[in-house]
Amino acid sequence: MPRIFAYVSHKDGVPDDVASELLAAARKIDPAASPTAILIGAGPELDSACSQLTASCAEVWRIAGESFAYPNAELVRKALARVLPPGSILLVAHDHFGIDLSPGLSVKTNSSFVSDVLGIEGLEGNDLRLIRQEFGGQVSARVRCDVSSGAVISIRPGAFPPQTNPPANGIVVDKSSDLGPLTAGRRYLRTIVAEAGDVDITRQPVLVSVGRGIQEKDNLAIAQELADAMGAVLSCSRPVVDANWLDKSRQVGSSGKTVKPKVYLACGISGSFQHLAGIKGNPFMIAINKNPKAPIFQVADVGIVADLLEFLPELTTRIRELRCAVR
Amino acid sequence: MEILVCAKRVPDTSENEIQLNSAGNDIERDELVYSINEPDNYAVEEALQIRDRIGGNVTVVTVGGEDDEEILRREMAMGANQAALLTDDAFTGSDGRGIAAILSAFVQRGHYDLILTGVQAEDGAAQVGGMLAAMLDYPFASLVNSVEVLDGGKLKVSREIEGGNTELNEIDLPCVLSVQTGINEPRYVGMKGIRQVASVPIPTLSSSDLGIDQNSVGHSAAKVRRVDYFVPALGKGAEILQGSHEEIAGKLIELMKAKGGLN
Amino acid sequence: MLVEGFQSPAQVDYWLVQGRVLFSIVALAGTGCFFYLLARRAAPLFRAAPDPRLDRLHLRLLKVLKFGLGQWKQPRYFFAGFLHIVIFAGFLILSVRSLSLVTLGISDHFVLPGLSGPLGAGYNVVKDYAATLVFLAAIIAALRRLAFKPARYAVPAKYGKAHTSEAVLILALIATLMISESLFEASEAALRAQTARVLPVFSLPWLLRTPLLSLPSSWLSNLHFGAYLAHDLTFFVFLCFLPLGKHFHVVTSLFNVCFTRLDRGILKPVRWGIPERQIDQVQSFGVKTFEDFTWKHILDFYSCADCGRCSDNCPANAVGRPLSPRFLTLKARDYAFRHYPLVGRSGNGAALIGNLYSPDEIWSCTTCGACEAECPLLVEYIDKIVDLRRGMIDDGNVPQSLQKPLKALESRGNPYGKLEKKRVDWLKAAEFRQTCEVKTLDHSSAARTLYFVDSATAYDDRLQSIARATARILKHVGEDFGVLGAAEKDSGHEARRFGEEFLFMALRDQNVEAIQASGVGRIVTADPHAYNALKHDYSGIPPVEHISQVVAAEVRAARIAFNPVKNSSDVYTYHDPCYLGRHNQVYDDPRDVLDSIPGLKRVEMARSRDRSFCCGGGGLMLFYEPKEDQRMGVKRVQMAAEAGANVIVTACPFCMTNIEDAIKVAGLEGKMTAIDLAELVDKQIAKEDSQVA
């Protein structure tokens with residue numbers, strides 16, 4: 001059985017949520033596995049993140065260095081290539097960092113590579129059976145990966161529900177000195193944070209989208225409140241932009257943005273082809289429209305025939321109640 | 001600047017037309033229209049804009065067969081100076097690593113300051129660019145949404161990261177970048193331009209031209225193989241939720257939680 | 001005529017120079033200057049692209065008679081038109097007088113041949129009244145400009161300062177000409193008293209004579225010769241002023257009308273003189289620099305009278321898009337003035353797009369033709385817009401919003417990018433199929449008539465009902481028809497008008513091949529854009545009719561009967577689609593059909609027929625994202641409401657899309673509905689077995 005590692009990103013001393021998903025995925029590969037988490041960074045934030053993971057991992061590898069203060073995929077790749085034992089399987093999240101890091105890493109460790117995995121069927125000998133999507137999510141594919149010389153696998157965030165893990169009481173192993181001097185042909189400069197008005201809806205996993213059914217600009221507040229309660233972002237169809245109620249950057253459609261959310265709430269949107277053309281990846285779509293014949297109901301997964309001006313506030317209230325109860 | 005763009009010809013999936021074939025082992029390809037992978041088109045446009053600003057040469061290359069030539073022609077109609085088709089029966093069935101190895105052999109025959117690819121193709125793998133960079137030992141940056149040429153053989157690139165934020169990096173040439181859609185506005189390729197390049201000869205290179213060991217590429221060498229395609233069972237049309245608003249809201253919340261809609 | 005003791009301007013000494021000499025110099029200098037100016041203005045025409053405008057001279061002369069001399073379009077704006085007709089007619093009449101006046105300063109005895117005797121006397125009466133009316137008209141026109149400032153003359157800030165001073169100057173010059181000529185006559189009449197000719201009552205000279213009678217002869221003499229000097233100088237100043245601005249139209253208008261495009265429905269080819277099969281020879285397509293325009297287009301720029309009627313009717317202008325046809329022309333004219341100056345060398349051709357015109361300005365046009373329908377000088381616009389677009393397409397300067405549908409047209413034969421086989425989904429609908437089986441024409445199936453559906457009607461869910469209605473109508477009237485099915489491609493109408501000539505040709509050739517192979521003898525369509533394309537852009541195919549024409553013929557032959565409308569309180573209005581109405585003059589057939597439906601109350605909108613207001617455009621225009629203050633469709637729906645209607649009937653799928661959208665945006669949902677003519681006819685057809693008494 002190859003040894004399984006999980007590369008975990010962290011911020012402000014807290015490991016990324018996706019860590020538990022990576023561990024769940026690891027157990028799909030090998031139910032008996034005791035995956036090792038690898039964290040790379042600097043300072044007390046790194047230490048804090050490492051120690052938090054000892055609750056769920058038997059072993060946590062810590063690689064510290066000033067040059068790792070900001071995760072530079074070029075440097076991280078070189079570091080991992082040096083510390084990973086040959087033939088191991090490394091799991092990493094398929095996010096902007098994973099996309100940067102993993103393909104090159106597989107070449108440097110001479111191992112196989114499969115990205116954006118959303119299902120694992122199991123390991124048969126040296127064949128790891130995985131499930132991916134292709135064509136923007138229109139079809140799923142079963143993939144066989146030869147792991148005899150190891151593998152780098154990137155996991156789609158949200159695809160593997162985290163399981164409750166048995167408490168591990170893990171240890172932190174420091175691997176910082178196993179590295180030699182590292183240089184990279186790429187240097188991090190700085191991060192530009194998007195302004196509040198510049199929300200990029202194309203990168204949002206959950207969208208509350210409004211159409212003409214919102215009727216007036218003032219009613220947008222109803223939808224915004226729902227979005228806030230859900231932790232989602234507001235988007236819209238073209239008529240709302242035409243009426244200058246929302247900025248063009250919020251428009252979903254063939255003449256607006258293409259979005260790939262996991263969940264899409266279409267409120268008061270009829271479902272014209274121009275709008276639907278902007279939604280890719282087959283999200284879970286909920287349509288709320290007072291017209292039972294609206295074309296959106298052909299495409300949505302779940303439909304609610306109601307006036308959104310009446311229904312949305314009720315939904316918002318219930319979600320807020322739920323959150324209060326949880327907290 | 002010598003710029004190479006690695007492109008791929010893929011089915012046009014602007015409409016939800018991908019269906020499984022009757023045998024269930026592949027998608028139905030009969031009525032598909034193929035075109036250049038959209039992110040690769042953005043990459044070519046970026047290359048052309050850099051060339052138009054500071055001078056140089058843009059080459060477009062693809063690994064494939066006769067059918068794939070059409071995208072090379074289209075990009076030449078768009079303005080690329082040269083194109084090359086890397087073709088050999090031995091290449092068939094290569095996985096991402098194999099493709100990267102073939103491209104790497106091509107790169108080493110020439111001298112390129114900058115290599116661009118699209119961030120991902122129809123299979124969503126987003127791998128060839130990063131693998132190519134590692135094989136060549138060039139620095140790499142993915143999800144690039146802006147490129148600025150600096151003095152001294154360097155570029156300033158920004159990457160699209162989560163939350164709509166942008167990460168600014170400095171990267172040394174030669175390097176490989178994978179380019180995100182929206183980095184620019186690709187120029188229109190009119191039918192007139194396409195007609196004009198219709199008979200321009202495009203050089204082809206085989207495994208021997210590239211000096212590639214046939215055992216290292218192709219189906220037999222592939223470590224990752226697709227077994228089949230399938231479509232997970234989906235309901236037809238929306239399931240209309242019934243009941244009072246309160247009941248519906250409750251059901252909806254449960255569904256959204258399960259699908260990751262409530263954070 | 002010389003009278004004893006009465007001198008003529010030619011004889012008199014003006015300070016030190018004898019009149020004859022002075023006025024010979026003035027005439028020579030003035031005429032010389034004028035012809036010099038004409039030559040300078042003509043320069044760009046020789047560098048411009050070719051344009052064959054000398055064919056069918058008899059037809060061209062008829063145009064000159066109707067639109068030039070007949071001022072046919074002027075009354076469309078009644079008050080201004082009336083004033084202009086007065087001034088124009090007056091000028092024509094007074095041209096004879098002007099000629100004789102000029103020569104009078106050089107030769108005492110000169111009388112124009114034929115104008116001695118009673119004819120001359122009669123002419124003198126006519127010309128005096130003409131001068132009076134012209135004078136009055138000029139004063140009223142100037143007052144109108146200065147005090148009432150009609151909206152269409154306004155110059156938006158981005159285009160510079162107002163043109164009022166130029167207009168008022170010319171009117172002042174005209175008034176001066178009239179006054180000075182009348183003073184010349186009046187002072188002579190006063191001087192010569194009984195021997196003078198009788199001035200016609202209430203004419204300007206007659207009015208001026210009375211106060212002059214009390215003046216001493218020496219004053220009158222000086223006034224007489226002063227008036228002549230004033231007139232002569234003003235005449236040549238006026239003449240030389242003409243080529244300097246909008247009044248160049250005084251010189252060029254009749255030529256502009258003479259050389260107008262006789263085949264308005266047909267777009268100009270990429271280059272005149274190069275047949276389609278040699279089109280690959282043309283290196284650069286379209287208009288990119290000023291000299292790429294044809295000489296006639298440049299003549300158009302010179303001939304613009306700055307009347308603003310085009311922009312006043314332009315729907316793009318009305319909704320705040322960057323396009324104003326008037327300024328498209330004036331900017332080009334001013335460019336010509338700058339780059340081909342009166343003195344000095346001409347400048348090099350700079351790119352028009354980005355400097356003179358913005359891309360959005362040119363993409364904003366829906367090619368509705370309202371500007372061309374309105375222009376009294378028959379200035380052409382659509383060919384220029386299409387040529388400018390061809391240039392932008394050639395340079396790859398195409399907005400992203402248009403690139404997708406253009407690419408889809410190329411790869412899939414429809415702008416939506418949908419599968420070819422889905423083009424017949426509309427006729428496969430189960431419910432429909434049971435009542436109406438529509439055959440697809442192929443090697444196993446033939447018919448007399450082809451129903452050409454075109455992309456919008458075939459693919460758009462809402463518009464498919466128009467196709468079904470049309471099919472049912474054809475079936476009801478016993479037509480043996482079929483469709484091309486998946487072999488039908490987009491007509492290419494908009495592809496062509498957006499400048500993608502090659503794409504249009506590819507689509508056209510595929511359609512022509514399919515149509516010819518089907519062996520049909522007649523084509524029917526419910527899409528005016530397809531109708532226009534098949535009629536004007538295609539050749540070698542059978543004649544095409546619009547469904548409204550088919551139904552109208554059936555109505556006239558009493559072969560179709562309609563049930564009365566259900567809701568008798570509904571008020572209907574018909575919206576003329578641009579490509580059925582204005583471009584093809586099919587105005588009455590749809591109205592006749594509507595009027596034959598019992599109980600249908602119909603009103604006309606203020607803007608109807610060739611003044612119809614574009615709904616927003618069709619085909620590729622549906623994908624373009626213009627910068628506008630309002631949608632054209634919304635304005636149109638408001639017009640319908642103002643006319644008192646609550647149902648808009650239209651006969652075009654694009655009008656349907658735009659108007660239905662607009663009803664929602666305008667907040668009139670529930671108060672206004674839209675229905676296609678075919679849908680309405682289909683709904684109201686009285687079938688024998690279900691006839692409602």
# chains A, B, ... in the order shown; residues from 1 in each chain; ligands from 1

call {"tool": "residues_around", "arguments": {"residues": "Asn169 of chain A", "least_positions_apart": "3", "cutoff": "8 Å", "atoms": "only C-alpha atoms", "output": "count of residues only"}}
result
5

call {"tool": "interface_residues", "arguments": {"of": "chain A", "to": "chain B", "cutoff": "7 Å", "atoms": "only C-alpha atoms", "output": "number ranges by chain"}}
result
A: 74, 96, 99-100, 103-104, 107-108, 112, 115-116, 134-136, 138-146, 185-194, 199-200, 203, 206, 230-231, 262-263, 284, 297-304, 311, 315

call {"tool": "write_last_selection", "arguments": {"atoms": "C-alpha atoms", "output": "compact mmCIF listing (two decimals), in the first residue's frame"}}
result
# COMPACT_ATOMS: atom_id res chain seq x y z
CA GLU A 74 7.41 26.92 -7.36
CA HIS A 96 -5.79 27.85 -7.57
CA ILE A 99 -3.58 23.84 -10.15
CA ASP A 100 -0.30 25.70 -9.87
CA PRO A 103 1.06 18.82 -12.48
CA GLY A 104 4.70 19.88 -12.27
CA VAL A 107 6.70 15.20 -13.17
CA LYS A 108 9.34 15.98 -10.56
CA SER A 112 1.09 9.81 -12.18
CA SER A 115 -6.81 16.30 -11.30
CA ASP A 116 -10.20 17.48 -10.12
CA GLU A 134 -15.39 16.35 -18.47
CA PHE A 135 -16.97 18.82 -20.88
CA GLY A 136 -17.84 21.30 -18.21
CA GLN A 138 -21.82 17.31 -18.84
CA VAL A 139 -20.41 13.81 -18.54
CA SER A 140 -18.60 11.87 -15.89
CA ALA A 141 -15.63 9.66 -16.64
CA ARG A 142 -14.15 6.66 -14.91
CA VAL A 143 -10.40 6.88 -14.88
CA ARG A 144 -7.72 4.31 -14.08
CA CYS A 145 -4.48 5.60 -12.68
CA ASP A 146 -1.34 3.48 -12.37
CA GLY A 185 12.24 31.37 -11.04
CA ARG A 186 9.06 32.97 -9.75
CA ARG A 187 8.66 35.42 -6.91
CA TYR A 188 5.51 36.52 -5.15
CA LEU A 189 4.93 40.28 -5.14
CA ARG A 190 1.57 40.98 -3.53
CA THR A 191 -2.10 40.16 -3.53
CA ILE A 192 -4.71 42.60 -4.79
CA VAL A 193 -7.96 42.12 -2.95
CA ALA A 194 -11.09 42.59 -5.03
CA VAL A 199 -17.13 40.51 -6.82
CA ASP A 200 -16.22 37.94 -9.40
CA ARG A 203 -15.64 32.02 -8.99
CA VAL A 206 -23.28 29.58 -4.57
CA MET A 230 -26.66 31.81 2.72
CA GLY A 231 -23.09 33.04 2.44
CA LYS A 262 -22.36 24.29 -7.14
CA VAL A 263 -25.74 25.73 -6.31
CA PHE A 284 -27.86 22.15 -8.43
CA PHE A 297 -38.43 24.75 -14.70
CA GLN A 298 -37.30 22.48 -17.52
CA VAL A 299 -33.70 22.96 -16.56
CA ALA A 300 -33.81 23.31 -12.81
CA ASP A 301 -33.48 20.45 -10.41
CA VAL A 302 -36.01 21.79 -7.97
CA GLY A 303 -38.78 24.29 -8.59
CA ILE A 304 -40.95 26.50 -6.48
CA PHE A 311 -41.06 33.57 -0.65
CA LEU A 315 -36.56 31.52 3.26

call {"tool": "interface_residues", "arguments": {"of": "chain A", "to": "chain C", "cutoff": "12 Å", "atoms": "only C-alpha atoms", "output": "PDB file with C-alpha atoms, in the first residue's frame"}}
result
ATOM      1  CA  GLY A 211     -34.274  38.352 -12.992  1.00  0.00           C
ATOM      2  CA  ARG A 212     -37.163  40.528 -14.018  1.00  0.00           C
ATOM      3  CA  GLY A 213     -39.322  38.978 -11.354  1.00  0.00           C
ATOM      4  CA  ILE A 214     -37.598  41.227  -8.866  1.00  0.00           C
ATOM      5  CA  GLN A 215     -39.643  43.995 -10.492  1.00  0.00           C
ATOM      6  CA  GLU A 216     -38.027  46.995  -8.865  1.00  0.00           C
ATOM      7  CA  ARG A 238     -29.563  40.751 -18.335  1.00  0.00           C
ATOM      8  CA  PRO A 239     -32.769  42.747 -17.752  1.00  0.00           C
ATOM      9  CA  VAL A 240     -31.576  43.688 -14.278  1.00  0.00           C
ATOM     10  CA  VAL A 241     -28.351  45.078 -15.716  1.00  0.00           C
ATOM     11  CA  ASP A 242     -30.200  46.822 -18.517  1.00  0.00           C
ATOM     12  CA  ALA A 243     -32.324  48.555 -15.952  1.00  0.00           C
ATOM     13  CA  ASN A 244     -29.117  49.643 -14.232  1.00  0.00           C
ATOM     14  CA  LYS A 248     -22.714  44.434 -15.442  1.00  0.00           C
ATOM     15  CA  GLY A 253     -25.436  34.784 -19.436  1.00  0.00           C
ATOM     16  CA  SER A 254     -24.025  34.463 -22.895  1.00  0.00           C
ATOM     17  CA  SER A 255     -23.457  38.192 -23.005  1.00  0.00           C
ATOM     18  CA  GLY A 256     -22.425  38.353 -19.367  1.00  0.00           C
ATOM     19  CA  LYS A 257     -20.345  36.050 -17.264  1.00  0.00           C
ATOM     20  CA  SER A 270     -37.616  32.897 -16.899  1.00  0.00           C
ATOM     21  CA  GLY A 271     -34.749  30.809 -18.201  1.00  0.00           C
ATOM     22  CA  SER A 272     -33.977  32.212 -21.631  1.00  0.00           C
ATOM     23  CA  PHE A 273     -31.276  30.396 -23.517  1.00  0.00           C
ATOM     24  CA  GLN A 274     -28.988  33.435 -23.288  1.00  0.00           C
ATOM     25  CA  ALA A 277     -25.787  29.610 -21.588  1.00  0.00           C
ATOM     26  CA  LYS A 293     -44.670  27.501 -17.356  1.00  0.00           C
ATOM     27  CA  ALA A 294     -41.410  29.347 -17.139  1.00  0.00           C
ATOM     28  CA  PRO A 295     -38.760  27.518 -19.191  1.00  0.00           C
TER      29      PRO A 295
END

call {"tool": "residues_around", "arguments": {"residues": "segment 34-44 of chain B", "least_positions_apart": "4", "cutoff": "9 Å", "atoms": "only C-alpha atoms", "output": "PyMOL selection string"}}
result
(chain B and resi 4-13+48-49+58-60+68+70-72+74-75+78-80+116-122+178-186) or (chain C and resi 411)

call {"tool": "select_by_dssp", "arguments": {"residues": "segment 137-314 of chain A", "states": "helix (DSSP H, G or I)", "output": "number ranges by chain"}}
result
A: 137, 176-178, 196-198, 201-203, 212-214, 217-230, 238-242, 248-250, 273-276, 296-299, 308-314

call {"tool": "write_last_selection", "arguments": {"atoms": "N, CA and C atoms", "output": "compact mmCIF listing (two decimals), in the first residue's frame"}}
result
# COMPACT_ATOMS: atom_id res chain seq x y z
N GLY A 137 -18.68 19.37 -17.02
CA GLY A 137 -19.59 18.68 -16.12
C GLY A 137 -20.73 17.98 -16.82
N SER A 176 11.94 20.42 8.00
CA SER A 176 12.52 21.63 7.39
C SER A 176 13.97 21.43 6.99
N SER A 177 14.71 20.67 7.79
CA SER A 177 16.14 20.58 7.48
C SER A 177 16.44 19.57 6.39
N ASP A 178 15.41 18.82 5.97
CA ASP A 178 15.66 17.87 4.88
C ASP A 178 15.82 18.58 3.55
N ALA A 196 -15.24 45.44 -2.89
CA ALA A 196 -16.57 44.88 -2.62
C ALA A 196 -17.44 44.92 -3.86
N GLY A 197 -17.30 45.97 -4.64
CA GLY A 197 -18.13 46.06 -5.83
C GLY A 197 -17.65 45.17 -6.96
N ASP A 198 -16.45 44.66 -6.78
CA ASP A 198 -15.86 43.88 -7.88
C ASP A 198 -15.96 42.39 -7.65
N ILE A 201 -18.34 36.88 -9.88
CA ILE A 201 -19.34 35.82 -9.70
C ILE A 201 -18.91 34.51 -10.35
N THR A 202 -17.93 34.59 -11.26
CA THR A 202 -17.54 33.36 -11.95
C THR A 202 -16.82 32.39 -11.03
N ARG A 203 -16.38 32.90 -9.89
CA ARG A 203 -15.64 32.02 -8.99
C ARG A 203 -16.46 31.66 -7.76
N ARG A 212 -36.12 39.51 -13.99
CA ARG A 212 -37.16 40.53 -14.02
C ARG A 212 -38.17 40.40 -12.90
N GLY A 213 -38.33 39.19 -12.41
CA GLY A 213 -39.32 38.98 -11.35
C GLY A 213 -39.08 39.82 -10.12
N ILE A 214 -37.89 40.40 -10.03
CA ILE A 214 -37.60 41.23 -8.87
C ILE A 214 -38.35 42.57 -8.97
N LYS A 217 -35.92 47.99 -8.41
CA LYS A 217 -34.57 48.05 -7.84
C LYS A 217 -34.61 47.88 -6.33
N ASP A 218 -35.59 48.47 -5.71
CA ASP A 218 -35.65 48.41 -4.25
C ASP A 218 -35.82 46.99 -3.74
N ASN A 219 -36.40 46.13 -4.57
CA ASN A 219 -36.60 44.75 -4.13
C ASN A 219 -35.32 43.93 -4.11
N LEU A 220 -34.27 44.47 -4.68
CA LEU A 220 -33.01 43.72 -4.68
C LEU A 220 -32.55 43.41 -3.26
N ALA A 221 -32.94 44.27 -2.35
CA ALA A 221 -32.52 44.07 -0.96
C ALA A 221 -32.98 42.72 -0.44
N ILE A 222 -34.15 42.31 -0.90
CA ILE A 222 -34.69 41.02 -0.45
C ILE A 222 -33.76 39.89 -0.87
N ALA A 223 -33.31 39.97 -2.12
CA ALA A 223 -32.42 38.93 -2.62
C ALA A 223 -31.05 39.01 -1.96
N GLN A 224 -30.58 40.24 -1.72
CA GLN A 224 -29.27 40.41 -1.08
C GLN A 224 -29.27 39.83 0.32
N GLU A 225 -30.37 40.01 1.03
CA GLU A 225 -30.45 39.47 2.38
C GLU A 225 -30.39 37.96 2.36
N LEU A 226 -31.06 37.36 1.40
CA LEU A 226 -31.01 35.91 1.29
C LEU A 226 -29.58 35.46 0.99
N ALA A 227 -28.94 36.17 0.07
CA ALA A 227 -27.56 35.81 -0.28
C ALA A 227 -26.66 35.91 0.96
N ASP A 228 -26.82 36.98 1.70
CA ASP A 228 -26.00 37.14 2.91
C ASP A 228 -26.25 36.00 3.87
N ALA A 229 -27.52 35.66 4.06
CA ALA A 229 -27.85 34.58 5.01
C ALA A 229 -27.26 33.26 4.56
N MET A 230 -27.17 33.07 3.25
CA MET A 230 -26.66 31.81 2.72
C MET A 230 -25.14 31.81 2.57
N ARG A 238 -29.80 39.50 -17.61
CA ARG A 238 -29.56 40.75 -18.34
C ARG A 238 -30.53 41.88 -18.04
N PRO A 239 -31.84 41.62 -17.96
CA PRO A 239 -32.77 42.75 -17.75
C PRO A 239 -32.43 43.58 -16.52
N VAL A 240 -31.90 42.95 -15.50
CA VAL A 240 -31.58 43.69 -14.28
C VAL A 240 -30.42 44.65 -14.54
N VAL A 241 -29.49 44.21 -15.37
CA VAL A 241 -28.35 45.08 -15.72
C VAL A 241 -28.82 46.19 -16.64
N ASP A 242 -29.68 45.81 -17.59
CA ASP A 242 -30.20 46.82 -18.52
C ASP A 242 -30.90 47.94 -17.78
N LYS A 248 -22.88 45.42 -14.38
CA LYS A 248 -22.71 44.43 -15.44
C LYS A 248 -21.92 43.21 -14.99
N SER A 249 -21.03 43.41 -14.02
CA SER A 249 -20.19 42.30 -13.58
C SER A 249 -21.01 41.22 -12.89
N ARG A 250 -22.29 41.52 -12.61
CA ARG A 250 -23.14 40.54 -11.93
C ARG A 250 -23.98 39.73 -12.90
N PHE A 273 -32.50 31.14 -23.19
CA PHE A 273 -31.28 30.40 -23.52
C PHE A 273 -30.03 31.25 -23.28
N GLN A 274 -30.18 32.59 -23.48
CA GLN A 274 -28.99 33.43 -23.29
C GLN A 274 -28.53 33.41 -21.85
N HIS A 275 -29.50 33.34 -20.93
CA HIS A 275 -29.10 33.33 -19.54
C HIS A 275 -28.51 31.97 -19.18
N LEU A 276 -29.19 30.90 -19.58
CA LEU A 276 -28.74 29.56 -19.21
C LEU A 276 -27.38 29.23 -19.82
N ILE A 296 -37.45 27.92 -17.19
CA ILE A 296 -36.43 27.57 -16.20
C ILE A 296 -36.76 26.27 -15.50
N PHE A 297 -38.04 25.98 -15.41
CA PHE A 297 -38.43 24.75 -14.70
C PHE A 297 -38.04 23.50 -15.47
N GLN A 298 -37.75 23.64 -16.76
CA GLN A 298 -37.30 22.48 -17.52
C GLN A 298 -35.88 22.12 -17.15
N VAL A 299 -35.13 23.16 -16.76
CA VAL A 299 -33.70 22.96 -16.56
C VAL A 299 -33.33 22.79 -15.10
N LEU A 308 -41.50 35.47 -5.74
CA LEU A 308 -40.23 35.54 -5.00
C LEU A 308 -40.25 36.64 -3.95
N LEU A 309 -41.04 37.68 -4.21
CA LEU A 309 -41.08 38.78 -3.24
C LEU A 309 -41.70 38.33 -1.92
N GLU A 310 -42.53 37.27 -2.00
CA GLU A 310 -43.11 36.74 -0.78
C GLU A 310 -42.26 35.62 -0.22
N PHE A 311 -41.73 34.77 -1.12
CA PHE A 311 -41.06 33.57 -0.65
C PHE A 311 -39.66 33.82 -0.12
N LEU A 312 -38.90 34.65 -0.79
CA LEU A 312 -37.51 34.84 -0.38
C LEU A 312 -37.36 35.32 1.07
N PRO A 313 -38.14 36.30 1.48
CA PRO A 313 -37.98 36.73 2.88
C PRO A 313 -38.23 35.59 3.86
N GLU A 314 -39.19 34.73 3.55
CA GLU A 314 -39.46 33.61 4.46
C GLU A 314 -38.29 32.66 4.49

call {"tool": "closest_atom_pairs", "arguments": {"of": "chain C", "to": "chain B", "cutoff": "7 Å", "atoms": "only C-alpha atoms", "output": "tab-separated table"}}
result
residue	atom	partner	partner_atom	distance
C:Ile393	CA	B:Gly190	CA	6.5
C:Asp394	CA	B:Gly190	CA	6.8
C:Gly396	CA	B:Tyr188	CA	4.4
C:Asn397	CA	B:Arg187	CA	6.4
C:Val398	CA	B:Tyr188	CA	5.8
C:Gln400	CA	B:Glu185	CA	6.9
C:Gln403	CA	B:Tyr188	CA	6.4
C:Ser411	CA	B:Val33	CA	6.7
C:Gly417	CA	B:Glu15	CA	6.8
C:Lys418	CA	B:Glu15	CA	6.3
C:Phe502	CA	B:Met191	CA	5.8
C:Leu503	CA	B:Met191	CA	6.1

call {"tool": "write_last_selection", "arguments": {"atoms": "C-alpha atoms", "output": "compact mmCIF listing (two decimals), in the first residue's frame"}}
result
# COMPACT_ATOMS: atom_id res chain seq x y z
CA ILE C 393 -14.56 42.78 -39.74
CA ASP C 394 -11.57 42.77 -42.07
CA GLY C 396 -10.80 41.80 -36.72
CA ASN C 397 -12.28 44.71 -34.79
CA VAL C 398 -15.48 42.97 -33.69
CA GLN C 400 -17.03 40.03 -28.25
CA GLN C 403 -18.06 37.09 -32.18
CA SER C 411 -19.90 26.30 -37.51
CA GLY C 417 -24.88 27.56 -31.90
CA LYS C 418 -27.56 24.91 -31.61
CA PHE C 502 -17.81 35.69 -46.92
CA LEU C 503 -19.88 34.15 -44.18

call {"tool": "residues_around", "arguments": {"residues": "Gly93 of chain B", "least_positions_apart": "3", "cutoff": "8 Å", "atoms": "only C-alpha atoms", "output": "MDAnalysis selection string"}}
result
chainID B and resid 218:220 222

call {"tool": "write_last_selection", "arguments": {"atoms": "C-alpha atoms", "output": "mmCIF file, in the first residue's frame"}}
result
data_model
loop_
_atom_site.group_PDB
_atom_site.id
_atom_site.type_symbol
_atom_site.label_atom_id
_atom_site.label_comp_id
_atom_site.auth_asym_id
_atom_site.auth_seq_id
_atom_site.Cartn_x
_atom_site.Cartn_y
_atom_site.Cartn_z
ATOM 1 C CA GLY B 218 1.199 6.809 -26.612
ATOM 2 C CA HIS B 219 -1.346 4.441 -25.218
ATOM 3 C CA SER B 220 1.028 1.844 -23.869
ATOM 4 C CA ALA B 222 -0.003 6.128 -20.472
#

call {"tool": "select_by_dssp", "arguments": {"residues": "segment 23-220 of chain B", "states": "strand (DSSP E)", "output": "count of residues only"}}
result
52

call {"tool": "atom_distance", "arguments": {"atom1": "atom CA of Tyr129 of chain C", "atom2": "atom CA of Val64 of chain C"}}
result
25.6 Å

call {"tool": "closest_residue", "arguments": {"among": "C:Thr103, C:Ser491, C:Thr367, C:Ser358", "to": "Leu409 of chain C", "atoms": "only C-alpha atoms"}}
result
C:Ser491

call {"tool": "residues_around", "arguments": {"residues": "Leu179 of chain A", "least_positions_apart": "4", "cutoff": "12 Å", "atoms": "only C-alpha atoms", "output": "ChimeraX atom specification"}}
result
/A:40,62-65,75-84,174-175,183

call {"tool": "residues_around", "arguments": {"residues": "Phe248 of chain C", "least_positions_apart": "3", "cutoff": "8 Å", "atoms": "only C-alpha atoms", "output": "list in words"}}
result
Leu242, Pro243, Leu244, Gly245, Val251, Thr252, Tyr302, Ser303 and Ala305 of chain C
